[in-house]
Amino acid sequence: MSDAIVTVQHLGHTYLPGTPLESVALRDAHLTVARGEIAALIGTSGAGKSTLAHFTNGLLRPTEWGRVTILGQDLAAPELDPAALRRRVGLVFQYPHQQLFERYVGDDVAYGPRQLGLSGDALRERVRWAMEAVGLPFEAFRDRQTFSLSGGEMRRAALAGVLAMRPELLVLDEATTGLDPQGRREVHALLRRLRDEEGVTVLLISNDMDEVAEVAERVTVLHEGHTVLAGTAHDVFAQHAALAGAGLTLPTVGAIVRALAQEGITVPGRPITVCEAEEALWRTLHS
Ligand SMILES: Nc1ncnc2c1ncn2[C@@H]1O[C@H](COP(=O)(O)OP(=O)(O)O)[C@@H](O)[C@H]1O
Ligand SMILES: [Mg+2]
């Protein structure tokens, strides 16, 4: 892929090597994300998704085998400046308490842009924009204590803090977990808007196949540290047996379409989302 923002090849990673607590997280991981796309990384718990996510902004760097290039920079290069990379790649951690550390929400969201050198009105406007973008009204939330937020609000605050850096690549590690359905839809709309209007590239890590079918154009499947499938969402979700082998299921719509196919009823266009199913049914009923 010519304009790849993320290229991971044959990546391995072991935590605490040579100790009794040694744990092999990645064995042969591959991942390609092209500029301006919304890509998804899926896999069961323990598959290595978060570990791979930590490579995207240089928190982890290859120590065993494999090659990782992010925004044109080889993570193995000794001259790499991880701090500079972290300003361009926003990683929303799996657990918001890994991300939030300031006492007040407004300060927490301001932390990143302050590091970028913003101050005064520019800083305030950046924080306002990021908070409003994730559905936390600025005036109502900036003086709220971070520990007093609900689970969903904490997720939103963590996302705002990353967005406030205006990253070119946004990596969300199961960041919609714990949001209600409306909150999820809002985040999905935000991701599309960031991509369409600002060219932000998104890597969404998720265990929710319906969410992945809904928002991702390309999907990579990780299983026990190996990349076992990669392709367009339609191609990946057509591989029922391979997905099952990786411990995953089809999106709801895909499962219904597959069950109908087993009864001899073919739904045109292999729909995987509600919207696509609606169109397919409409066409079938009106043809
Ligand atoms: N900091 C760590 N120290 C030791 N082992 C870890 C650490 N983080 C993850 N692991 C192990 O690495 C494997 C992959 O974990 P992880 O990348 O978190 O997977 P996922 O995000 O897909 O659930 C798991 O077996 C996990 O127990
Ligand atoms: Mg994880």
# chains A, B, ... in the order shown; residues from 1 in each chain; ligands from 1

$ residues_near_ligand --ligand "ligand 1" --cutoff "6 Å" --atoms "only C-alpha atoms and all ligand atoms" --output "ChimeraX atom specification"
/A:15,23-25,44-51

$ write_last_selection --atoms "N, CA and C atoms" --output "PDB file, in the first residue's frame"
ATOM      1  N   TYR A  15       6.324 -10.162  26.908  1.00  0.00           N
ATOM      2  CA  TYR A  15       6.441  -9.405  28.151  1.00  0.00           C
ATOM      3  C   TYR A  15       7.306 -10.188  29.137  1.00  0.00           C
ATOM      4  N   SER A  23       5.355 -13.783  29.077  1.00  0.00           N
ATOM      5  CA  SER A  23       4.095 -13.959  28.363  1.00  0.00           C
ATOM      6  C   SER A  23       4.271 -13.467  26.928  1.00  0.00           C
ATOM      7  N   VAL A  24       4.032 -14.370  25.984  1.00  0.00           N
ATOM      8  CA  VAL A  24       4.192 -14.017  24.569  1.00  0.00           C
ATOM      9  C   VAL A  24       2.883 -13.400  24.085  1.00  0.00           C
ATOM     10  N   ALA A  25       2.913 -12.127  23.745  1.00  0.00           N
ATOM     11  CA  ALA A  25       1.690 -11.428  23.337  1.00  0.00           C
ATOM     12  C   ALA A  25       1.553 -11.395  21.821  1.00  0.00           C
ATOM     13  N   THR A  44     -10.123 -11.981  20.069  1.00  0.00           N
ATOM     14  CA  THR A  44     -10.631 -12.259  21.408  1.00  0.00           C
ATOM     15  C   THR A  44      -9.727 -11.618  22.457  1.00  0.00           C
ATOM     16  N   SER A  45     -10.175 -11.641  23.684  1.00  0.00           N
ATOM     17  CA  SER A  45      -9.390 -11.106  24.785  1.00  0.00           C
ATOM     18  C   SER A  45      -8.080 -11.897  24.899  1.00  0.00           C
ATOM     19  N   GLY A  46      -6.965 -11.179  24.995  1.00  0.00           N
ATOM     20  CA  GLY A  46      -5.673 -11.856  25.078  1.00  0.00           C
ATOM     21  C   GLY A  46      -5.016 -12.094  23.722  1.00  0.00           C
ATOM     22  N   ALA A  47      -5.687 -11.705  22.639  1.00  0.00           N
ATOM     23  CA  ALA A  47      -5.156 -11.950  21.284  1.00  0.00           C
ATOM     24  C   ALA A  47      -3.906 -11.119  20.989  1.00  0.00           C
ATOM     25  N   GLY A  48      -3.736 -10.001  21.722  1.00  0.00           N
ATOM     26  CA  GLY A  48      -2.573  -9.142  21.504  1.00  0.00           C
ATOM     27  C   GLY A  48      -2.918  -7.771  20.957  1.00  0.00           C
ATOM     28  N   LYS A  49      -4.188  -7.418  20.950  1.00  0.00           N
ATOM     29  CA  LYS A  49      -4.628  -6.151  20.348  1.00  0.00           C
ATOM     30  C   LYS A  49      -4.034  -4.943  21.053  1.00  0.00           C
ATOM     31  N   SER A  50      -4.129  -4.921  22.386  1.00  0.00           N
ATOM     32  CA  SER A  50      -3.614  -3.751  23.113  1.00  0.00           C
ATOM     33  C   SER A  50      -2.103  -3.650  22.958  1.00  0.00           C
ATOM     34  N   THR A  51      -1.438  -4.795  22.959  1.00  0.00           N
ATOM     35  CA  THR A  51       0.017  -4.787  22.768  1.00  0.00           C
ATOM     36  C   THR A  51       0.349  -4.162  21.416  1.00  0.00           C
TER      37      THR A  51
END

$ residues_around --residues "stretch 234-248 of chain A" --least-positions-apart "5" --cutoff "10 Å" --atoms "only C-alpha atoms" --output "JSON, numbers by chain"
{"A": [42, 43, 44, 45, 47, 207, 208, 209, 213, 216, 217, 218, 219, 220, 221, 222, 223, 224, 226, 227, 228, 229, 254, 255, 258, 269, 270, 271, 272]}

$ residues_around --residues "stretch 90-94 of chain A" --least-positions-apart "3" --cutoff "10 Å" --atoms "only C-alpha atoms" --output "count of residues only"
39

$ closest_residue --among "A:Leu118, A:Ala140, A:Leu123, A:Ile5" --to "A:Asp74" --atoms "only C-alpha atoms"
A:Ile5

$ select_by_dssp --residues "stretch 6-248 of chain A" --states "strand (DSSP E or B)" --output "PyMOL selection string"
chain A and resi 6-15+23-34+38-42+67-70+73-74+89-92+104+145+169-173+201-205+218-223+226-232

$ residues_around --residues "A:Arg124" --least-positions-apart "3" --cutoff "12 Å" --atoms "only C-alpha atoms" --output "JSON, numbers by chain"
{"A": [106, 107, 109, 110, 111, 113, 114, 118, 119, 120, 121, 127, 128, 129, 130, 131, 138, 139, 142, 164]}

$ select_by_dssp --residues "stretch 147-273 of chain A" --states "helix (DSSP H, G or I)" --output "mmCIF file with C-alpha atoms, in the first residue's frame"
data_model
loop_
_atom_site.group_PDB
_atom_site.id
_atom_site.type_symbol
_atom_site.label_atom_id
_atom_site.label_comp_id
_atom_site.auth_asym_id
_atom_site.auth_seq_id
_atom_site.Cartn_x
_atom_site.Cartn_y
_atom_site.Cartn_z
ATOM 1 C CA PHE A 147 -13.226 10.813 39.528
ATOM 2 C CA SER A 148 -16.856 11.960 39.813
ATOM 3 C CA GLY A 151 -18.103 5.390 33.236
ATOM 4 C CA GLY A 152 -19.362 6.711 29.906
ATOM 5 C CA GLU A 153 -18.355 10.282 30.729
ATOM 6 C CA MET A 154 -14.876 9.087 31.693
ATOM 7 C CA ARG A 155 -14.564 7.392 28.312
ATOM 8 C CA ARG A 156 -15.584 10.613 26.622
ATOM 9 C CA ALA A 157 -13.140 12.680 28.686
ATOM 10 C CA ALA A 158 -10.285 10.297 27.823
ATOM 11 C CA LEU A 159 -11.176 10.564 24.142
ATOM 12 C CA ALA A 160 -11.383 14.372 24.384
ATOM 13 C CA GLY A 161 -7.892 14.519 25.894
ATOM 14 C CA VAL A 162 -6.496 12.626 22.916
ATOM 15 C CA LEU A 163 -8.540 14.526 20.323
ATOM 16 C CA PRO A 181 -25.956 2.783 22.206
ATOM 17 C CA GLN A 182 -26.571 6.482 21.619
ATOM 18 C CA GLY A 183 -23.076 7.315 22.917
ATOM 19 C CA ARG A 184 -21.582 4.761 20.553
ATOM 20 C CA ARG A 185 -23.464 6.158 17.589
ATOM 21 C CA GLU A 186 -22.175 9.621 18.479
ATOM 22 C CA VAL A 187 -18.587 8.381 18.624
ATOM 23 C CA HIS A 188 -19.020 6.588 15.282
ATOM 24 C CA ALA A 189 -20.371 9.783 13.716
ATOM 25 C CA LEU A 190 -17.443 11.709 15.195
ATOM 26 C CA LEU A 191 -14.924 9.264 13.729
ATOM 27 C CA ARG A 192 -16.503 9.563 10.278
ATOM 28 C CA ARG A 193 -16.535 13.347 10.558
ATOM 29 C CA LEU A 194 -12.871 13.484 11.605
ATOM 30 C CA ARG A 195 -11.966 11.249 8.706
ATOM 31 C CA ASP A 196 -14.123 13.017 6.093
ATOM 32 C CA GLU A 197 -13.479 16.615 7.112
ATOM 33 C CA GLU A 198 -9.978 16.497 8.536
ATOM 34 C CA MET A 209 -18.623 -7.124 15.453
ATOM 35 C CA ASP A 210 -21.711 -4.987 14.759
ATOM 36 C CA GLU A 211 -19.711 -1.860 15.507
ATOM 37 C CA VAL A 212 -16.849 -3.000 13.289
ATOM 38 C CA ALA A 213 -19.193 -3.817 10.388
ATOM 39 C CA GLU A 214 -20.827 -0.429 10.839
ATOM 40 C CA VAL A 215 -17.745 1.797 10.794
ATOM 41 C CA ALA A 233 -15.017 -5.706 6.114
ATOM 42 C CA HIS A 234 -17.156 -7.590 3.586
ATOM 43 C CA ASP A 235 -14.374 -10.019 2.723
ATOM 44 C CA VAL A 236 -13.401 -10.685 6.339
ATOM 45 C CA HIS A 240 -17.176 -17.508 8.774
ATOM 46 C CA ALA A 241 -15.001 -20.553 9.491
ATOM 47 C CA ALA A 242 -11.767 -18.573 9.867
ATOM 48 C CA LEU A 243 -13.501 -16.121 12.201
ATOM 49 C CA ALA A 244 -14.889 -18.982 14.279
ATOM 50 C CA GLY A 245 -11.354 -20.420 14.446
ATOM 51 C CA THR A 252 -25.741 -9.890 13.680
ATOM 52 C CA VAL A 253 -26.875 -9.072 10.162
ATOM 53 C CA GLY A 254 -24.202 -11.329 8.659
ATOM 54 C CA ALA A 255 -25.337 -14.185 10.916
ATOM 55 C CA ILE A 256 -28.969 -13.765 9.833
ATOM 56 C CA VAL A 257 -27.973 -13.663 6.165
ATOM 57 C CA ARG A 258 -25.913 -16.810 6.645
ATOM 58 C CA ALA A 259 -28.776 -18.615 8.410
ATOM 59 C CA LEU A 260 -31.123 -17.666 5.555
ATOM 60 C CA ALA A 261 -28.587 -18.926 3.004
ATOM 61 C CA GLN A 262 -28.548 -22.290 4.765
#

$ decode --residues "stretch 198-233 of chain A" --atoms "C-alpha atoms" --output "PDB file, in the first residue's frame"
ATOM      1  CA  GLU A 198      -9.978  16.497   8.536  1.00  0.00           C
ATOM      2  CA  GLY A 199      -8.418  13.444   6.928  1.00  0.00           C
ATOM      3  CA  VAL A 200      -7.763  11.760  10.273  1.00  0.00           C
ATOM      4  CA  THR A 201      -6.896   8.069   9.999  1.00  0.00           C
ATOM      5  CA  VAL A 202      -8.609   5.823  12.533  1.00  0.00           C
ATOM      6  CA  LEU A 203      -7.691   2.419  13.942  1.00  0.00           C
ATOM      7  CA  LEU A 204     -10.566   1.054  15.965  1.00  0.00           C
ATOM      8  CA  ILE A 205      -9.921  -1.888  18.263  1.00  0.00           C
ATOM      9  CA  SER A 206     -13.173  -3.540  19.143  1.00  0.00           C
ATOM     10  CA  ASN A 207     -14.817  -6.735  20.256  1.00  0.00           C
ATOM     11  CA  ASP A 208     -18.184  -5.660  18.926  1.00  0.00           C
ATOM     12  CA  MET A 209     -18.623  -7.124  15.453  1.00  0.00           C
ATOM     13  CA  ASP A 210     -21.711  -4.987  14.759  1.00  0.00           C
ATOM     14  CA  GLU A 211     -19.711  -1.860  15.507  1.00  0.00           C
ATOM     15  CA  VAL A 212     -16.849  -3.000  13.289  1.00  0.00           C
ATOM     16  CA  ALA A 213     -19.193  -3.817  10.388  1.00  0.00           C
ATOM     17  CA  GLU A 214     -20.827  -0.429  10.839  1.00  0.00           C
ATOM     18  CA  VAL A 215     -17.745   1.797  10.794  1.00  0.00           C
ATOM     19  CA  ALA A 216     -14.664   0.000   9.463  1.00  0.00           C
ATOM     20  CA  GLU A 217     -13.649  -0.280   5.837  1.00  0.00           C
ATOM     21  CA  ARG A 218     -10.800  -2.716   6.450  1.00  0.00           C
ATOM     22  CA  VAL A 219     -10.518  -5.320   9.172  1.00  0.00           C
ATOM     23  CA  THR A 220      -7.530  -7.212  10.561  1.00  0.00           C
ATOM     24  CA  VAL A 221      -8.059 -10.261  12.772  1.00  0.00           C
ATOM     25  CA  LEU A 222      -5.543 -11.135  15.458  1.00  0.00           C
ATOM     26  CA  HIS A 223      -5.535 -14.551  17.123  1.00  0.00           C
ATOM     27  CA  GLU A 224      -2.988 -15.614  19.741  1.00  0.00           C
ATOM     28  CA  GLY A 225      -0.533 -13.019  18.487  1.00  0.00           C
ATOM     29  CA  HIS A 226      -0.900 -13.966  14.804  1.00  0.00           C
ATOM     30  CA  THR A 227      -2.688 -12.001  12.107  1.00  0.00           C
ATOM     31  CA  VAL A 228      -5.006 -14.636  10.673  1.00  0.00           C
ATOM     32  CA  LEU A 229      -7.204 -12.566   8.347  1.00  0.00           C
ATOM     33  CA  ALA A 230      -7.145  -9.110   6.789  1.00  0.00           C
ATOM     34  CA  GLY A 231      -9.233  -7.466   4.112  1.00  0.00           C
ATOM     35  CA  THR A 232     -12.293  -5.361   3.496  1.00  0.00           C
ATOM     36  CA  ALA A 233     -15.017  -5.706   6.114  1.00  0.00           C
TER      37      ALA A 233
END
